[in-house]
>>> print(open('protein30.txt').read())   # compact mmCIF, C-alpha atoms
# COMPACT_ATOMS: atom_id res chain seq x y z
CA MET O 23 120.55 -118.47 18.13
CA THR O 24 118.86 -120.30 21.01
CA ASN O 25 115.22 -119.76 21.93
CA ARG O 26 116.44 -117.93 25.03
CA GLN O 27 118.47 -115.49 22.93
CA LEU O 28 115.58 -115.01 20.51
CA PHE O 29 113.21 -114.49 23.45
CA LEU O 30 115.39 -111.73 24.88
CA GLN O 31 115.92 -110.11 21.47
CA HIS O 32 112.46 -110.26 19.91
CA ILE O 33 109.87 -110.57 22.70
CA GLY O 34 108.83 -107.32 24.38
CA GLN O 35 110.12 -107.55 27.92
CA THR O 36 108.29 -106.60 31.12
CA SER O 37 111.39 -106.47 33.31
CA ASP O 38 115.15 -106.44 32.95
CA ALA O 39 115.41 -109.82 34.70
CA PRO O 40 112.77 -112.25 33.35
CA LEU O 41 112.74 -115.77 34.76
CA ALA O 42 113.28 -117.06 31.20
CA LEU O 43 112.54 -120.70 31.97
CA GLU O 44 111.90 -122.52 28.70
CA ILE O 45 108.82 -124.63 29.43
CA VAL O 46 107.97 -127.29 26.87
CA LYS O 47 105.18 -129.15 28.66
CA ALA O 48 102.66 -128.62 31.44
CA GLN O 49 100.27 -131.17 32.90
CA GLY O 50 98.24 -131.24 36.10
CA CYS O 51 100.25 -129.26 38.65
CA LYS O 52 103.61 -129.80 36.98
CA LEU O 53 105.73 -127.84 34.50
CA TYR O 54 108.61 -129.34 32.49
CA ASP O 55 111.46 -127.36 30.97
CA ILE O 56 113.56 -128.00 27.87
CA ASN O 57 116.01 -130.08 29.91
CA GLY O 58 113.28 -132.34 31.28
CA LYS O 59 113.35 -130.75 34.73
CA GLU O 60 110.06 -130.96 36.64
CA TYR O 61 108.56 -128.10 38.66
CA ILE O 62 105.63 -128.07 41.07
CA ASP O 63 103.56 -125.15 39.81
CA LEU O 64 102.46 -122.96 42.73
CA ILE O 65 101.33 -120.17 40.38
CA GLY O 66 98.83 -121.81 38.02
CA GLY O 67 99.35 -119.07 35.45
CA ILE O 68 98.45 -116.62 38.26
CA SER O 69 95.05 -118.13 39.08
CA VAL O 70 94.34 -119.13 35.48
CA CYS O 71 94.77 -122.91 35.46
CA ASN O 72 92.33 -123.71 38.26
CA VAL O 73 91.55 -127.18 36.91
CA GLY O 74 95.19 -127.96 36.15
CA HIS O 75 97.26 -127.84 33.00
CA LYS O 76 96.20 -129.77 29.91
CA HIS O 77 92.97 -131.12 31.35
CA PRO O 78 91.69 -133.65 28.77
CA LYS O 79 88.15 -132.24 28.73
CA ILE O 80 89.46 -128.75 27.92
CA VAL O 81 91.74 -130.10 25.20
CA GLU O 82 88.82 -132.06 23.74
CA ALA O 83 86.57 -128.98 23.75
CA ILE O 84 89.23 -126.88 22.02
CA LYS O 85 89.76 -129.50 19.31
CA LYS O 86 86.03 -129.90 18.71
CA GLN O 87 85.39 -126.18 18.39
CA ALA O 88 88.44 -125.73 16.15
CA ASP O 89 86.91 -128.31 13.83
CA ASP O 90 83.67 -126.28 13.66
CA TYR O 91 84.95 -122.70 13.28
CA LEU O 92 87.39 -120.19 14.70
CA HIS O 93 86.80 -116.45 14.39
CA ILE O 94 83.90 -115.50 12.13
CA MET O 95 82.77 -111.98 13.13
CA VAL O 96 83.28 -109.34 15.80
CA TYR O 97 81.74 -110.09 19.18
CA GLY O 98 78.00 -109.62 19.58
CA GLU O 99 76.78 -109.76 15.96
CA LEU O 100 76.31 -113.47 15.26
CA ILE O 101 74.80 -116.20 17.42
CA GLN O 102 77.74 -118.41 18.35
CA SER O 103 76.83 -121.41 20.48
CA PRO O 104 80.03 -121.45 22.62
CA GLN O 105 79.27 -117.89 23.79
CA VAL O 106 75.59 -118.60 24.37
CA LEU O 107 76.18 -121.86 26.24
CA TYR O 108 78.89 -120.41 28.46
CA ALA O 109 76.98 -117.23 29.30
CA THR O 110 73.94 -119.34 30.17
CA ALA O 111 75.99 -121.60 32.41
CA LEU O 112 77.62 -118.67 34.20
CA THR O 113 74.36 -116.88 34.88
CA HIS O 114 72.79 -120.12 36.10
CA HIS O 115 75.35 -120.08 38.92
CA LEU O 116 75.02 -116.36 39.72
CA PRO O 117 72.40 -114.26 41.53
CA SER O 118 69.41 -113.41 39.33
CA SER O 119 70.50 -109.77 38.92
CA LEU O 120 73.73 -110.88 37.22
CA ASN O 121 72.09 -112.20 34.08
CA SER O 122 73.82 -110.52 31.14
CA VAL O 123 77.39 -111.40 30.14
CA PHE O 124 79.63 -109.23 27.99
CA PHE O 125 82.66 -111.27 26.93
CA THR O 126 86.00 -109.56 26.42
CA ALA O 127 89.48 -110.70 25.45
CA SER O 128 91.02 -110.13 28.90
CA GLY O 129 90.39 -109.11 32.50
CA SER O 130 91.80 -105.65 31.83
CA GLU O 131 89.26 -105.09 29.08
CA ALA O 132 86.51 -106.30 31.39
CA THR O 133 87.54 -103.51 33.76
CA GLU O 134 87.50 -100.98 30.93
CA GLY O 135 84.07 -102.10 29.75
CA ALA O 136 82.62 -101.99 33.27
CA MET O 137 83.88 -98.44 33.83
CA LYS O 138 82.26 -97.34 30.57
CA LEU O 139 79.05 -99.15 31.53
CA ALA O 140 78.86 -97.33 34.88
CA LYS O 141 79.38 -93.91 33.31
CA ARG O 142 76.82 -94.64 30.64
CA TYR O 143 74.25 -96.05 33.07
CA ASN O 144 74.07 -93.28 35.65
CA GLY O 145 75.65 -90.39 33.76
CA ARG O 146 78.27 -89.79 36.45
CA THR O 147 82.04 -89.58 36.04
CA GLN O 148 83.76 -90.24 39.37
CA ILE O 149 85.30 -93.68 39.81
CA ILE O 150 86.47 -94.87 43.22
CA SER O 151 88.85 -97.76 43.81
CA PHE O 152 91.14 -98.83 46.63
CA LYS O 153 94.80 -98.52 47.51
CA ASN O 154 96.90 -101.55 46.65
CA SER O 155 94.27 -102.71 44.19
CA TYR O 156 94.99 -104.13 40.76
CA HIS O 157 92.47 -104.22 37.93
CA GLY O 158 94.72 -104.38 34.85
CA SER O 159 97.40 -102.36 33.06
CA THR O 160 95.50 -100.61 30.27
CA GLN O 161 95.14 -96.83 30.56
CA GLY O 162 91.73 -96.83 32.20
CA ALA O 163 92.54 -99.70 34.55
CA LEU O 164 95.87 -98.05 35.34
CA SER O 165 94.00 -94.90 36.34
CA ILE O 166 92.30 -96.77 39.17
CA MET O 167 95.28 -98.86 40.21
CA GLY O 168 95.91 -98.29 43.90
CA ASP O 169 99.66 -97.72 43.80
CA GLU O 170 101.37 -94.56 42.58
CA TYR O 171 104.67 -96.24 41.71
CA TRP O 172 103.13 -98.25 38.89
CA ARG O 173 101.08 -95.48 37.30
CA ASN O 174 102.96 -92.22 37.87
CA ALA O 175 105.16 -92.63 34.78
CA PHE O 176 102.10 -92.80 32.51
CA ARG O 177 100.25 -89.66 33.57
CA PRO O 178 98.02 -87.96 32.59
CA LEU O 179 95.49 -90.71 33.21
CA LEU O 180 91.71 -90.64 33.62
CA PRO O 181 90.52 -87.66 35.69
CA ASN O 182 88.05 -87.80 38.58
CA THR O 183 89.33 -90.96 40.21
CA MET O 184 89.92 -91.56 43.91
CA GLN O 185 91.59 -94.33 45.91
CA LEU O 186 90.35 -95.16 49.39
CA ASN O 187 91.78 -97.48 52.03
CA TYR O 188 90.44 -101.02 51.82
CA ASN O 189 88.59 -102.11 55.00
CA SER O 190 88.17 -98.48 56.14
CA PHE O 191 84.60 -97.71 57.24
CA ASP O 192 85.22 -93.99 57.67
CA GLU O 193 86.40 -93.51 54.10
CA LEU O 194 83.16 -94.87 52.66
CA GLU O 195 81.77 -91.38 53.24
CA ASN O 196 83.67 -90.32 50.11
CA ILE O 197 81.13 -92.24 48.04
CA THR O 198 78.42 -89.75 46.98
CA ASP O 199 75.68 -89.21 44.42
CA LYS O 200 78.43 -88.05 42.04
CA THR O 201 80.18 -91.43 42.10
CA ALA O 202 79.55 -93.55 39.01
CA CYS O 203 80.99 -96.72 40.45
CA VAL O 204 83.19 -98.22 43.13
CA ILE O 205 85.52 -100.98 41.97
CA ALA O 206 86.94 -103.35 44.56
CA GLU O 207 88.61 -106.74 44.57
CA THR O 208 86.42 -109.00 46.68
CA VAL O 209 89.68 -110.24 48.19
CA GLN O 210 92.71 -108.08 47.45
CA ALA O 211 95.30 -110.26 45.74
CA GLU O 212 98.36 -108.19 44.84
CA ALA O 213 98.24 -106.46 48.23
CA GLY O 214 99.17 -109.76 49.90
CA ILE O 215 95.76 -111.51 50.21
CA ILE O 216 93.74 -108.96 52.18
CA VAL O 217 90.26 -110.16 53.15
CA PRO O 218 87.39 -107.76 53.93
CA GLN O 219 86.86 -107.52 57.68
CA ASN O 220 83.96 -106.91 60.08
CA ASN O 221 81.21 -106.74 57.44
CA TRP O 222 83.09 -103.94 55.64
CA LEU O 223 81.98 -105.27 52.25
CA LYS O 224 78.36 -105.16 53.41
CA ALA O 225 78.83 -101.55 54.48
CA LEU O 226 80.31 -100.77 51.06
CA ARG O 227 77.33 -102.41 49.38
CA LYS O 228 74.92 -100.40 51.53
CA LYS O 229 76.66 -97.09 50.78
CA CYS O 230 76.63 -97.77 47.04
CA THR O 231 72.92 -98.60 47.17
CA GLN O 232 72.16 -95.41 49.13
CA THR O 233 73.99 -93.19 46.62
CA GLY O 234 72.90 -94.94 43.43
CA THR O 235 76.50 -95.96 42.77
CA LEU O 236 77.26 -99.17 40.91
CA LEU O 237 79.30 -101.63 42.96
CA ILE O 238 81.76 -103.48 40.74
CA LEU O 239 83.49 -106.47 42.30
CA ASP O 240 86.64 -107.72 40.65
CA GLU O 241 86.94 -111.51 40.89
CA ILE O 242 89.39 -111.82 38.01
CA GLN O 243 91.88 -113.54 40.32
CA CYS O 244 89.69 -114.86 43.12
CA GLY O 245 86.74 -116.29 41.16
CA PHE O 246 86.06 -119.88 40.11
CA GLY O 247 86.63 -121.51 43.48
CA ARG O 248 90.00 -119.96 44.27
CA ASN O 249 88.77 -118.69 47.66
CA GLY O 250 86.80 -121.81 48.60
CA THR O 251 83.44 -120.86 47.12
CA LEU O 252 82.56 -120.51 43.44
CA TRP O 253 82.44 -116.71 43.82
CA ALA O 254 84.24 -115.00 46.68
CA PHE O 255 81.37 -112.53 47.24
CA GLU O 256 79.19 -115.44 48.40
CA GLN O 257 81.25 -115.56 51.61
CA PHE O 258 80.39 -111.96 52.52
CA ASP O 259 76.64 -111.92 51.82
CA VAL O 260 76.76 -109.22 49.16
CA VAL O 261 75.82 -109.10 45.49
CA PRO O 262 77.61 -106.67 43.17
CA ASP O 263 75.93 -104.68 40.42
CA VAL O 264 78.72 -105.70 38.06
CA LEU O 265 81.07 -108.68 38.33
CA LEU O 266 84.48 -108.76 36.62
CA LEU O 267 85.88 -112.12 35.53
CA GLY O 268 89.02 -113.23 33.72
CA LYS O 269 92.01 -115.55 34.21
CA ALA O 270 90.36 -118.92 35.06
CA LEU O 271 87.30 -117.90 33.01
CA GLY O 272 88.95 -119.22 29.83
CA GLY O 273 90.29 -122.48 31.24
CA GLY O 274 93.78 -121.53 30.03
CA MET O 275 92.62 -119.56 26.98
CA PRO O 276 92.39 -115.72 26.87
CA LEU O 277 88.95 -114.58 28.01
CA GLY O 278 87.39 -111.93 30.24
CA ALA O 279 83.87 -110.77 31.03
CA PHE O 280 81.83 -108.18 32.86
CA ILE O 281 78.40 -109.30 34.03
CA ALA O 282 75.44 -107.15 35.06
CA ASP O 283 71.65 -107.00 34.98
CA LYS O 284 70.31 -106.78 31.43
CA LYS O 285 68.65 -103.42 32.12
CA ILE O 286 72.09 -102.01 33.01
CA MET O 287 73.98 -103.78 30.23
CA ASP O 288 71.54 -102.67 27.54
CA THR O 289 72.58 -99.04 28.02
CA LEU O 290 75.63 -99.89 25.88
CA THR O 291 73.35 -100.57 22.89
CA HIS O 292 72.26 -96.98 22.25
CA ASN O 293 73.42 -93.35 22.56
CA PRO O 294 75.81 -94.37 21.12
CA VAL O 295 75.10 -97.65 19.43
CA LEU O 296 78.04 -100.05 19.82
CA GLY O 297 78.86 -98.52 23.20
CA HIS O 298 81.50 -101.19 23.76
CA ILE O 299 82.78 -103.45 21.02
CA ASN O 300 85.72 -105.74 20.40
CA THR O 301 87.00 -108.19 17.82
CA PHE O 302 88.10 -111.22 19.83
CA GLY O 303 86.04 -111.06 23.02
CA GLY O 304 84.16 -114.31 23.47
CA HIS O 305 86.28 -116.11 20.89
CA PRO O 306 84.47 -119.40 20.23
CA VAL O 307 87.47 -121.59 21.08
CA CYS O 308 88.07 -119.65 24.31
CA CYS O 309 84.42 -119.95 25.32
CA ALA O 310 84.39 -123.68 24.55
CA ALA O 311 87.52 -124.15 26.67
CA GLY O 312 86.12 -121.99 29.46
CA LEU O 313 82.83 -123.85 29.59
CA ALA O 314 84.66 -127.18 29.74
CA ALA O 315 86.81 -125.92 32.65
CA PHE O 316 83.74 -124.51 34.40
CA ASN O 317 82.01 -127.88 34.17
CA VAL O 318 85.10 -129.67 35.50
CA LEU O 319 84.94 -127.58 38.69
CA PHE O 320 81.60 -129.21 39.47
CA GLN O 321 82.12 -132.65 37.94
CA GLU O 322 85.33 -133.21 39.92
CA ARG O 323 84.07 -131.32 43.00
CA LEU O 324 87.30 -129.33 43.07
CA ILE O 325 85.99 -126.42 45.14
CA GLU O 326 85.10 -128.70 48.05
CA GLY O 327 88.76 -129.38 48.80
CA VAL O 328 90.11 -125.84 48.46
CA ASN O 329 89.87 -124.71 52.09
CA LYS O 330 91.37 -127.96 53.41
CA LYS O 331 94.31 -127.62 51.03
CA GLY O 332 94.78 -123.99 52.00
CA GLU O 333 94.85 -124.93 55.67
CA LEU O 334 97.44 -127.61 54.96
CA PHE O 335 99.71 -124.99 53.40
CA LYS O 336 99.28 -122.78 56.46
CA THR O 337 99.99 -125.65 58.85
CA LEU O 338 103.16 -126.70 57.05
CA LEU O 339 104.54 -123.20 56.45
CA GLN O 340 105.83 -122.56 59.97
CA HIS O 341 109.34 -121.11 60.27
CA PRO O 342 111.08 -118.30 62.23
CA LYS O 343 111.75 -116.43 58.97
CA ILE O 344 108.04 -116.51 58.02
CA GLN O 345 106.35 -113.50 59.61
CA LYS O 346 102.81 -114.62 58.81
CA VAL O 347 100.74 -116.40 56.18
CA ASN O 348 97.67 -114.69 54.75
CA ALA O 349 95.30 -117.08 53.03
CA CYS O 350 91.82 -117.27 51.59
CA GLY O 351 91.38 -120.73 50.17
CA LEU O 352 94.19 -121.42 47.71
CA MET O 353 95.20 -117.78 47.37
CA ILE O 354 98.10 -117.49 49.80
CA ALA O 355 100.78 -114.92 50.68
CA VAL O 356 103.82 -115.97 52.73
CA TYR O 357 105.28 -112.88 54.39
CA PHE O 358 109.03 -112.34 54.80
CA ASP O 359 110.95 -109.35 56.13
CA SER O 360 111.89 -107.96 52.70
CA PHE O 361 111.78 -108.40 48.94
CA GLU O 362 115.45 -109.40 49.05
CA THR O 363 114.68 -112.36 51.31
CA ASN O 364 111.67 -113.31 49.22
CA LYS O 365 113.60 -113.16 45.94
CA LYS O 366 116.37 -115.38 47.29
CA ILE O 367 113.79 -117.94 48.39
CA ILE O 368 112.00 -117.78 45.02
CA ASP O 369 115.29 -118.30 43.15
CA ALA O 370 116.29 -121.17 45.44
CA LEU O 371 112.92 -122.84 44.94
CA ILE O 372 113.21 -122.70 41.16
CA ILE O 373 116.52 -124.55 41.45
CA GLU O 374 114.76 -127.13 43.65
CA GLY O 375 111.85 -127.55 41.24
CA VAL O 376 109.16 -125.33 42.78
CA PHE O 377 107.79 -122.49 40.67
CA THR O 378 106.47 -119.43 42.51
CA ASP O 379 106.65 -115.62 42.45
CA TRP O 380 105.94 -112.39 44.38
CA PHE O 381 103.09 -109.83 44.52
CA LEU O 382 102.98 -106.40 42.85
CA PHE O 383 102.11 -104.45 46.00
CA ALA O 384 103.61 -106.87 48.51
CA SER O 385 107.00 -107.77 47.11
CA ASN O 386 108.06 -109.27 50.44
CA CYS O 387 105.39 -111.97 50.02
CA LEU O 388 105.76 -115.31 48.26
CA ARG O 389 102.78 -116.09 46.05
CA ILE O 390 101.00 -119.43 46.26
CA ALA O 391 98.05 -119.92 43.90
CA PRO O 392 98.36 -123.44 42.49
CA PRO O 393 95.80 -125.29 40.38
CA LEU O 394 92.94 -126.38 42.60
CA THR O 395 93.79 -129.94 41.61
CA ILE O 396 97.06 -129.89 43.58
CA SER O 397 97.38 -133.03 45.69
CA GLU O 398 98.22 -133.29 49.39
CA GLU O 399 101.45 -135.02 48.40
CA GLU O 400 102.41 -132.14 46.11
CA ILE O 401 101.57 -129.61 48.83
CA ARG O 402 103.76 -131.43 51.33
CA GLU O 403 106.65 -131.69 48.88
CA ALA O 404 106.42 -127.99 47.96
CA CYS O 405 106.27 -126.91 51.60
CA ARG O 406 109.18 -129.17 52.52
CA LYS O 407 111.26 -127.46 49.85
CA ILE O 408 110.19 -124.00 51.01
CA ILE O 409 111.22 -124.80 54.60
CA SER O 410 114.48 -126.32 53.35
CA ALA O 411 115.25 -123.18 51.35
CA LEU O 412 114.63 -121.08 54.46
CA ASN O 413 116.89 -123.29 56.53
CA ASN O 414 119.67 -122.86 53.99
CA PHE O 415 119.21 -119.10 53.68
>>> encode(input="protein30.txt", output="structure tokens")
Amino acid sequence: MTNRQLFLQHIGQTSDAPLALEIVKAQGCKLYDINGKEYIDLIGGISVCNVGHKHPKIVEAIKKQADDYLHIMVYGELIQSPQVLYATALTHHLPSSLNSVFFTASGSEATEGAMKLAKRYNGRTQIISFKNSYHGSTQGALSIMGDEYWRNAFRPLLPNTMQLNYNSFDELENITDKTACVIAETVQAEAGIIVPQNNWLKALRKKCTQTGTLLILDEIQCGFGRNGTLWAFEQFDVVPDVLLLGKALGGGMPLGAFIADKKIMDTLTHNPVLGHINTFGGHPVCCAAGLAAFNVLFQERLIEGVNKKGELFKTLLQHPKIQKVNACGLMIAVYFDSFETNKKIIDALIIEGVFTDWFLFASNCLRIAPPLTISEEEIREACRKIISALNNF
């Protein structure tokens, strides 16, 4: 049997029509399939490979740590230098109140841990999130997902949750002294790249402070320079009580984290002890890879070019069939009239050697989230092929 047949038979499927490209190599902003075909990667593992595929410094860090040790004990019991060094580096580049890092194995688990932390810290139970938000697919994260289609089949879910409209000032009144936490994407990704408007995020921060509610900002997709600054919240003059990280955090390896002030985080250490535990969170190889990728962001000054590259995409993506382009740095949604149109363009682009996809809550939008290392030449070639596909549609 071929790998494709084995894939379809033995790998748990997430849809009845997987792309099923057999990729054998990835480097920089390019993917290569089993037939040697080259693709410009406009996905970057969905905002994972911010410093490009197979960066030599990440590969070197992985090999070095693998020579020292792999897994030795559940997270949080032994002093492991990759965890310590990475947590220190992260907090060095965060506001002083975000000084304690809890590593997890994924972004979804970071969401779960942060929800538990909020309930434990202030003794409240209500959790508020926003419509068209995505924070993971585990049961707790699913409970606060802002789209009924994706979660209705799995009810009953967590009780005492509420979804508000993103960018709505009036609906902030639903946040009260009974609300444990509000979880929001700093920039909504799966909704089609929705940016907070008119100081709405500041108003949200103020309301949470007034009611003693923890503000949790999810930067699992938009962190690590994706939106043109290291952290997206820097652009809106707010500081969350808890920050969620994942995807690019591991430099291509599986890693998540929730970060808070130590006085908040320490509530997980008692009543009960081991308030949140895991086996593989902060895996030493993942932390070594993540730290190497984090350093590359600064060493190669990758964030400085993000907005310029995003603007180049917007300038080149002009066509009668494109309704609009929403962008925040190199997180871009190209709007078409329907999912059907979008899917035909996506399929045509794969044939032409451009790899892209759609959004969960905006299926009419083409997703562009390439490695931050993408060159101007690669951007121009990708956009030329997008316009050509539209012309032929």
>>> closest_residue(input="protein30.txt", among="O:Ala202, O:Cys51, O:Ile65, O:Leu313", to="Asp379 (chain O)", atoms="all atoms listed in the file")
O:Ile65
>>> closest_residue(input="protein30.txt", among="O:Pro392, O:Gly245, O:Pro262, O:Gly304", to="Leu100 (chain O)", atoms="all atoms listed in the file")
O:Gly304
>>> atom_distance(input="protein30.txt", atom1="CA of Gly158 (chain O)", atom2="CA of Gly268 (chain O)")
10.6 Å
>>> atom_distance(input="protein30.txt", atom1="CA of Asn72 (chain O)", atom2="CA of Ala213 (chain O)")
20.8 Å
>>> atom_distance(input="protein30.txt", atom1="CA of Leu43 (chain O)", atom2="CA of Glu399 (chain O)")
24.5 Å
>>> closest_residue(input="protein30.txt", among="O:Leu382, O:Val123, O:Ile62, O:Leu107", to="Gly135 (chain O)", atoms="all atoms listed in the file")
O:Val123
>>> residues_around(input="protein30.txt", residues="region 232-236 of chain O", least_positions_apart="3", cutoff="6 Å", atoms="only C-alpha atoms", output="PDB file with C-alpha atoms, in the frame of the given file")
ATOM      1  CA  THR O 198      78.420 -89.750  46.980  1.00  0.00           C
ATOM      2  CA  ASP O 199      75.680 -89.210  44.420  1.00  0.00           C
ATOM      3  CA  THR O 201      80.180 -91.430  42.100  1.00  0.00           C
ATOM      4  CA  ALA O 202      79.550 -93.550  39.010  1.00  0.00           C
ATOM      5  CA  CYS O 203      80.990 -96.720  40.450  1.00  0.00           C
ATOM      6  CA  LYS O 229      76.660 -97.090  50.780  1.00  0.00           C
ATOM      7  CA  ASP O 263      75.930-104.680  40.420  1.00  0.00           C
TER       8      ASP O 263
END
>>> residues_around(input="protein30.txt", residues="Ala88 (chain O)", least_positions_apart="3", cutoff="12 Å", atoms="only C-alpha atoms", output="PyMOL selection string")
chain O and resi 81-85+91-94+104+305-311
>>> closest_residue(input="protein30.txt", among="O:Gly274, O:Gly129, O:Pro294, O:Gly162", to="Ile242 (chain O)", atoms="only C-alpha atoms")
O:Gly129
>>> closest_residue(input="protein30.txt", among="O:Asp90, O:Ile238, O:Gly98, O:Ile372", to="Asp55 (chain O)", atoms="all atoms listed in the file")
O:Ile372
>>> decode(input="protein30.txt", residues="region 182-216 of chain O", atoms="C-alpha atoms", output="PDB file, in the first residue's frame")
ATOM      1  CA  ASN O 182     -21.797  29.190  32.984  1.00  0.00           C
ATOM      2  CA  THR O 183     -20.135  30.408  29.811  1.00  0.00           C
ATOM      3  CA  MET O 184     -21.182  33.357  27.669  1.00  0.00           C
ATOM      4  CA  GLN O 185     -20.139  34.640  24.245  1.00  0.00           C
ATOM      5  CA  LEU O 186     -20.233  38.356  23.495  1.00  0.00           C
ATOM      6  CA  ASN O 187     -19.723  40.236  20.240  1.00  0.00           C
ATOM      7  CA  TYR O 188     -16.117  41.240  19.631  1.00  0.00           C
ATOM      8  CA  ASN O 189     -15.655  45.036  19.349  1.00  0.00           C
ATOM      9  CA  SER O 190     -19.029  45.693  21.042  1.00  0.00           C
ATOM     10  CA  PHE O 191     -18.773  48.308  23.813  1.00  0.00           C
ATOM     11  CA  ASP O 192     -22.346  47.816  25.003  1.00  0.00           C
ATOM     12  CA  GLU O 193     -21.902  44.102  25.652  1.00  0.00           C
ATOM     13  CA  LEU O 194     -19.028  44.698  28.056  1.00  0.00           C
ATOM     14  CA  GLU O 195     -21.725  45.376  30.658  1.00  0.00           C
ATOM     15  CA  ASN O 196     -22.194  41.597  30.858  1.00  0.00           C
ATOM     16  CA  ILE O 197     -18.866  41.380  32.685  1.00  0.00           C
ATOM     17  CA  THR O 198     -19.631  41.464  36.433  1.00  0.00           C
ATOM     18  CA  ASP O 199     -18.166  40.565  39.812  1.00  0.00           C
ATOM     19  CA  LYS O 200     -19.312  36.992  39.117  1.00  0.00           C
ATOM     20  CA  THR O 201     -17.071  36.668  36.055  1.00  0.00           C
ATOM     21  CA  ALA O 202     -13.909  34.648  36.662  1.00  0.00           C
ATOM     22  CA  CYS O 203     -12.234  35.625  33.424  1.00  0.00           C
ATOM     23  CA  VAL O 204     -12.720  37.033  29.961  1.00  0.00           C
ATOM     24  CA  ILE O 205     -10.795  35.285  27.200  1.00  0.00           C
ATOM     25  CA  ALA O 206     -10.213  37.140  23.945  1.00  0.00           C
ATOM     26  CA  GLU O 207      -7.925  36.808  20.964  1.00  0.00           C
ATOM     27  CA  THR O 208      -5.947  40.029  20.773  1.00  0.00           C
ATOM     28  CA  VAL O 209      -6.620  39.874  17.034  1.00  0.00           C
ATOM     29  CA  GLN O 210      -9.315  37.410  16.000  1.00  0.00           C
ATOM     30  CA  ALA O 211      -7.775  34.981  13.536  1.00  0.00           C
ATOM     31  CA  GLU O 212     -10.346  32.379  12.491  1.00  0.00           C
ATOM     32  CA  ALA O 213     -13.008  35.085  12.164  1.00  0.00           C
ATOM     33  CA  GLY O 214     -11.125  36.525   9.179  1.00  0.00           C
ATOM     34  CA  ILE O 215      -8.492  38.745  10.879  1.00  0.00           C
ATOM     35  CA  ILE O 216     -10.650  41.062  12.983  1.00  0.00           C
TER      36      ILE O 216
END
